[in-house]
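Below is start_1.cif, holding mmCIF, C-alpha atoms.
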data_my_file
loop_
_atom_site.label_atom_id
_atom_site.label_comp_id
_atom_site.auth_asym_id
_atom_site.auth_seq_id
_atom_site.Cartn_x
_atom_site.Cartn_y
_atom_site.Cartn_z
CA MET A 1 12.42 11.89 11.46
CA ARG A 2 15.65 10.25 10.46
CA ALA A 3 16.93 10.75 6.90
CA ARG A 4 16.46 7.78 4.61
CA THR A 5 13.22 6.66 6.15
CA VAL A 6 10.74 4.72 4.07
CA VAL A 7 7.23 4.64 5.46
CA ALA A 8 5.41 1.70 3.86
CA ILE A 9 1.64 1.77 4.18
CA ALA A 10 0.22 -1.70 3.67
CA GLY A 11 -3.18 -3.36 3.81
CA LEU A 12 -5.95 -4.93 1.83
CA PRO A 13 -7.57 -3.04 -1.05
CA THR A 14 -9.99 -0.32 0.15
CA SER A 15 -8.30 -0.20 3.58
CA GLY A 16 -7.47 3.50 3.28
CA LYS A 17 -3.76 3.22 2.41
CA SER A 18 -3.82 5.98 -0.20
CA VAL A 19 -5.85 8.35 1.96
CA LEU A 20 -3.50 7.84 4.91
CA GLY A 21 -0.43 8.16 2.67
CA ARG A 22 -1.59 11.42 1.12
CA GLU A 23 -2.41 12.89 4.53
CA LEU A 24 0.94 11.80 6.02
CA ALA A 25 2.69 13.35 3.02
CA ARG A 26 0.78 16.59 3.53
CA VAL A 27 1.64 16.71 7.23
CA THR A 28 5.32 15.66 6.92
CA GLY A 29 6.19 17.18 3.55
CA LEU A 30 7.54 13.82 2.36
CA HIS A 31 7.09 12.51 -1.17
CA PHE A 32 4.28 9.94 -1.54
CA VAL A 33 4.26 7.16 -4.13
CA ASP A 34 1.11 5.03 -4.48
CA ILE A 35 1.66 1.80 -6.39
CA ASP A 36 -1.70 2.26 -8.14
CA GLU A 37 -0.99 5.79 -9.34
CA GLY A 38 2.41 5.38 -10.93
CA PRO A 39 4.30 2.10 -10.77
CA ALA A 40 1.30 -0.03 -11.86
CA GLY A 41 1.09 2.16 -14.96
CA CYS A 42 4.51 0.83 -15.97
CA ALA A 43 3.10 -2.70 -16.21
CA PRO A 44 0.78 -4.13 -18.89
CA PRO A 45 -2.90 -3.24 -18.44
CA ARG A 46 -4.89 -5.24 -15.96
CA GLU A 47 -7.41 -7.74 -17.25
CA GLU A 48 -11.07 -7.24 -16.33
CA ASN A 49 -11.06 -10.44 -14.25
CA PRO A 50 -7.45 -11.40 -13.50
CA TYR A 51 -8.48 -14.37 -11.35
CA ARG A 52 -10.66 -16.25 -13.84
CA SER A 53 -8.00 -18.86 -14.68
CA ASP A 54 -4.56 -20.01 -13.63
CA VAL A 55 -3.09 -18.31 -16.71
CA SER A 56 -4.82 -15.02 -15.88
CA ARG A 57 -3.72 -15.25 -12.25
CA ALA A 58 -0.09 -15.88 -13.30
CA ARG A 59 -0.25 -12.90 -15.68
CA GLU A 60 -1.59 -10.69 -12.87
CA GLN A 61 1.20 -11.83 -10.54
CA ALA A 62 3.78 -11.00 -13.23
CA ARG A 63 2.13 -7.60 -13.82
CA MET A 64 2.27 -6.78 -10.12
CA LYS A 65 5.90 -7.92 -9.93
CA VAL A 66 6.68 -5.19 -12.50
CA ALA A 67 4.76 -2.63 -10.42
CA TYR A 68 6.57 -3.56 -7.18
CA THR A 69 9.93 -3.48 -8.99
CA VAL A 70 9.22 0.08 -10.17
CA LEU A 71 7.93 1.11 -6.73
CA HIS A 72 11.01 -0.23 -4.99
CA ALA A 73 13.31 1.38 -7.56
CA ALA A 74 11.72 4.71 -6.55
CA VAL A 75 12.32 3.88 -2.88
CA GLU A 76 15.95 3.01 -3.58
CA ALA A 77 16.53 6.17 -5.63
CA ASN A 78 15.03 8.41 -2.91
CA LEU A 79 16.92 6.74 -0.07
CA ALA A 80 20.20 6.85 -2.03
CA GLN A 81 19.80 10.64 -2.16
CA ASP A 82 19.09 10.84 1.58
CA PHE A 83 15.40 11.54 0.97
CA SER A 84 12.67 9.92 3.00
CA VAL A 85 9.59 8.64 1.18
CA ILE A 86 6.12 7.29 1.89
CA VAL A 87 4.88 4.37 -0.26
CA SER A 88 1.53 2.66 -0.42
CA ALA A 89 0.93 -0.89 -1.66
CA THR A 90 -0.93 -3.97 -0.55
CA TYR A 91 2.19 -5.96 0.37
CA SER A 92 0.00 -9.05 0.41
CA ARG A 93 2.88 -11.44 -0.19
CA HIS A 94 5.87 -11.91 2.05
CA SER A 95 8.11 -11.83 -1.04
CA THR A 96 7.17 -8.18 -1.69
CA GLN A 97 7.88 -7.34 1.95
CA ASP A 98 11.27 -9.09 1.68
CA PHE A 99 11.98 -7.08 -1.48
CA LEU A 100 11.21 -3.79 0.29
CA GLN A 101 13.28 -4.75 3.32
CA ALA A 102 16.26 -5.62 1.08
CA VAL A 103 16.04 -2.22 -0.64
CA ALA A 104 15.93 -0.41 2.71
CA GLU A 105 18.91 -2.40 4.03
CA LYS A 106 20.90 -1.89 0.81
CA THR A 107 20.60 1.89 1.10
CA GLY A 108 20.91 2.12 4.89
CA GLY A 109 17.26 3.08 5.11
CA ASN A 110 15.03 3.09 8.14
CA LEU A 111 11.89 1.03 7.39
CA LYS A 112 8.60 1.84 9.13
CA VAL A 113 5.56 -0.27 8.18
CA ILE A 114 1.99 0.77 8.91
CA TRP A 115 -0.75 -1.82 8.39
CA CYS A 116 -4.16 -0.29 7.65
CA LYS A 117 -7.21 -2.24 8.78
CA TYR A 118 -10.92 -1.63 9.15
CA ASN A 119 -13.98 -3.56 10.27
CA ASP A 120 -14.63 -5.19 6.91
CA THR A 121 -18.28 -6.14 7.20
CA PRO A 122 -19.99 -6.99 3.88
CA GLU A 123 -21.79 -3.62 3.97
CA GLU A 124 -18.58 -1.66 4.62
CA ILE A 125 -16.67 -3.55 1.93
CA GLU A 126 -19.47 -2.80 -0.56
CA ARG A 127 -19.55 0.88 0.45
CA ARG A 128 -15.79 1.26 0.02
CA VAL A 129 -15.69 -0.59 -3.30
CA VAL A 130 -18.55 1.51 -4.70
CA GLU A 131 -16.85 4.70 -3.48
CA ARG A 132 -13.55 3.61 -5.00
CA VAL A 133 -15.06 2.85 -8.41
CA ALA A 134 -17.14 6.06 -8.42
CA SER A 135 -14.08 8.17 -7.61
CA GLY A 136 -12.21 6.77 -10.60
CA ALA A 137 -9.50 5.21 -8.44
CA VAL A 138 -6.85 3.45 -10.47
CA GLY A 139 -6.47 0.51 -8.09
CA GLY A 140 -7.51 -2.96 -9.01
CA CYS A 141 -10.24 -3.90 -6.53
CA ARG A 142 -13.53 -3.43 -8.35
CA SER A 143 -15.93 -5.77 -6.54
CA VAL A 144 -16.69 -7.34 -3.19
CA SER A 145 -15.79 -10.76 -4.59
CA HIS A 146 -12.38 -9.45 -5.69
CA TYR A 147 -11.82 -8.01 -2.19
CA LEU A 148 -12.81 -11.32 -0.58
CA ASP A 149 -10.46 -13.21 -2.92
CA ASP A 150 -7.62 -10.85 -1.94
CA ARG A 151 -8.45 -11.25 1.76
CA ILE A 152 -8.18 -15.04 1.50
CA ARG A 153 -4.76 -14.79 -0.17
CA TYR A 154 -3.40 -12.03 2.11
CA ALA A 155 -0.34 -13.34 3.92
CA GLY A 156 -0.28 -10.61 6.58
CA ILE A 157 2.58 -8.32 7.48
CA LYS A 158 5.63 -10.13 8.84
CA LEU A 159 7.88 -7.09 9.16
CA PRO A 160 7.84 -5.02 12.37
CA HIS A 161 4.82 -2.73 12.10
CA ILE A 162 1.95 -0.96 13.77
CA VAL A 163 -1.71 -1.42 12.94
CA VAL A 164 -3.91 1.64 12.48
CA ALA A 165 -7.69 1.67 12.16
CA THR A 166 -8.74 3.41 8.98
CA GLU A 167 -12.35 4.12 9.71
CA GLY A 168 -14.39 6.81 11.40
CA GLY A 169 -14.24 9.58 8.82
CA ALA A 170 -12.14 12.70 9.39
CA LYS A 171 -11.68 12.03 13.13
CA GLY A 172 -10.56 8.47 12.39
CA LEU A 173 -8.09 9.70 9.80
CA GLU A 174 -6.69 12.27 12.23
CA LYS A 175 -6.23 9.54 14.86
CA ALA A 176 -4.53 7.22 12.33
CA VAL A 177 -2.19 10.03 11.23
CA ASN A 178 -1.26 10.86 14.82
CA GLU A 179 -0.56 7.19 15.62
CA ALA A 180 1.55 6.90 12.46
CA LEU A 181 3.54 10.05 13.31
CA VAL A 182 4.37 8.79 16.80
CA TYR A 183 5.53 5.46 15.33
CA ILE A 184 7.57 7.07 12.56
CA GLU A 185 9.41 9.28 15.03
CA LYS A 186 10.48 6.32 17.25
#
What does this structure look like when you write it as structure tokens?
Amino acid sequence: MRARTVVAIAGLPTSGKSVLGRELARVTGLHFVDIDEGPAGCAPPREENPYRSDVSRAREQARMKVAYTVLHAAVEANLAQDFSVIVSATYSRHSTQDFLQAVAEKTGGNLKVIWCKYNDTPEEIERRVVERVASGAVGGCRSVSHYLDDRIRYAGIKLPHIVVATEGGAKGLEKAVNEALVYIEK
């Protein structure tokens, strides 16, 4: 892999971004930064229902802007030192993708985007949300309705990317990792 590579793992909440990121970090030895596990902690606490009003929604957008700013500062700092890094975030808005692309370009970084998807049936969404809450995950998606709200607002990935399926247990994860490794090495 080229020096100064940022591997951005994107996708809806519960799509397996963190799991894929941790496994890629284990296999490659690269540093992994999950927006939910560090940068989001630099922003004010999340409200229980951040979408209940226009004011709450605006506050949540501002909170996430802080988190993405911190995440991208970490990307910039790593790339400036010739380190490669793996990051995980929803990247649901094109503005956050533009922000990441600008950081990569500013530091001469090589940007590789991986979009995680799964067959999001109501039963599978419910299973993943329940598993996420039970595991104590820090991320924001805490209900099927929240997931569905996010899915409606998701702008999609406009940057060059690959799509990996993040389903099928250990064998599915192994396949997703192998697909990601081939893409990263291109």
Å distance separating CA of Ser15 (chain A) from CA of Cys116 (chain A), one decimal place: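 For CA of Ser15 (chain A) relative to CA of Cys116 (chain A), the distance reads 5.8 Å.
Among A:Tyr51, A:Tyr68, A:Tyr118, A:Phe32, the residue with the shortest atom-to-atom distance to Ser145 (chain A), counting all atoms listed in the file, is A:Tyr51.
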Residue nearest Ala67 (chain A) - candidates A:Val85, A:Asp34, A:Asn49, A:Thr121, atoms counted: all atoms listed in the file: A:Asp34
Using all atoms listed in the file: which of A:Thr14, A:Asn178, A:Ser56, A:Ser84 has the shortest distance to Asp150 (chain A): A:Thr14
All residues 10 Å or closer to Glu47 (chain A), only C-alpha atoms, same chain fewer than 6 positions away omitted, as a list in words: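 The filter keeps Ser56, Arg57, Arg59, Glu60 and Gly140 of chain A.
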For a cutoff of 10 Å around the file-coordinate point (11.8, 7.9, -6.5), which residues qualify once you count all atoms listed in the file? I'd like the result as an mmCIF file with C-alpha atoms, in the coordinates of the input.
data_model
loop_
_atom_site.group_PDB
_atom_site.id
_atom_site.type_symbol
_atom_site.label_atom_id
_atom_site.label_comp_id
_atom_site.auth_asym_id
_atom_site.auth_seq_id
_atom_site.Cartn_x
_atom_site.Cartn_y
_atom_site.Cartn_z
ATOM 1 C CA HIS A 31 7.090 12.510 -1.170
ATOM 2 C CA PHE A 32 4.280 9.940 -1.540
ATOM 3 C CA VAL A 33 4.260 7.160 -4.130
ATOM 4 C CA VAL A 70 9.220 0.080 -10.170
ATOM 5 C CA LEU A 71 7.930 1.110 -6.730
ATOM 6 C CA HIS A 72 11.010 -0.230 -4.990
ATOM 7 C CA ALA A 73 13.310 1.380 -7.560
ATOM 8 C CA ALA A 74 11.720 4.710 -6.550
ATOM 9 C CA VAL A 75 12.320 3.880 -2.880
ATOM 10 C CA GLU A 76 15.950 3.010 -3.580
ATOM 11 C CA ALA A 77 16.530 6.170 -5.630
ATOM 12 C CA ASN A 78 15.030 8.410 -2.910
ATOM 13 C CA LEU A 79 16.920 6.740 -0.070
ATOM 14 C CA ALA A 80 20.200 6.850 -2.030
ATOM 15 C CA GLN A 81 19.800 10.640 -2.160
ATOM 16 C CA PHE A 83 15.400 11.540 0.970
ATOM 17 C CA SER A 84 12.670 9.920 3.000
ATOM 18 C CA VAL A 85 9.590 8.640 1.180
ATOM 19 C CA VAL A 87 4.880 4.370 -0.260
#
Between CA of Val163 (chain A) and CA of Lys117 (chain A), distance in Å (one decimal):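 Going from CA of Val163 (chain A) over to CA of Lys117 (chain A) covers 6.9 Å.
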Hits of the PyMOL selection byres ((chain A and resi 64) around 10) in this structure, as a ChimeraX atom specification: /A:35,39-40,42-44,46,58-63,65-70,96
Selection dump of the PyMOL selection byres ((chain A and resi 91) around 12), as a ChimeraX atom specification: /A:8-13,17,35,64-65,67-68,71-72,87-90,92-101,113-116,150-151,153-159
Residues returned when the PyMOL selection byres ((chain A and resi 6) around 7) runs on this file, as a ChimeraX atom specification: /A:4-5,7-8,84-86,109-112
Interatomic distance (Å, one decimal) between CA of Asp120 (chain A) and CA of Ala134 (chain A):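 A separation of 19.2 Å between them.
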Could you put an axis-aligned box around every listed atom of region 45-56 of chain A, padded by 3 Å on each side, and send me its centre and edge lengths in Å to one decimal, as lines of an AutoDock Vina configuration file?
center_x = -7.0
center_y = -11.6
center_z = -14.9
size_x = 14.2
size_y = 22.8
size_z = 13.1
Residue nearest Ala3 (chain A) - candidates A:Gly38, A:Gly172, A:Gly108, A:Pro160, atoms counted: all atoms listed in the file: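 Comparing A:Gly38, A:Gly172, A:Gly108, A:Pro160 against Ala3 (chain A), the winner is A:Gly108.
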Nearest to Arg22 (chain A), chosen from A:Ile184, A:Ile152, A:Ala104, A:Leu173, with all atoms listed in the file counted in the distances: A:Leu173
Within 9 Å of file point (-6.2, 6.9, -3.6), counting all atoms listed in the file, expressed as a list in words: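 These residues have at least one counted atom within 9 Å: Thr14, Gly16, Lys17, Ser18, Val19, Leu20, Gly21, Arg22, Asp34, Asp36, Glu37, Arg132, Ser135, Ala137, Val138 and Gly139 of chain A.
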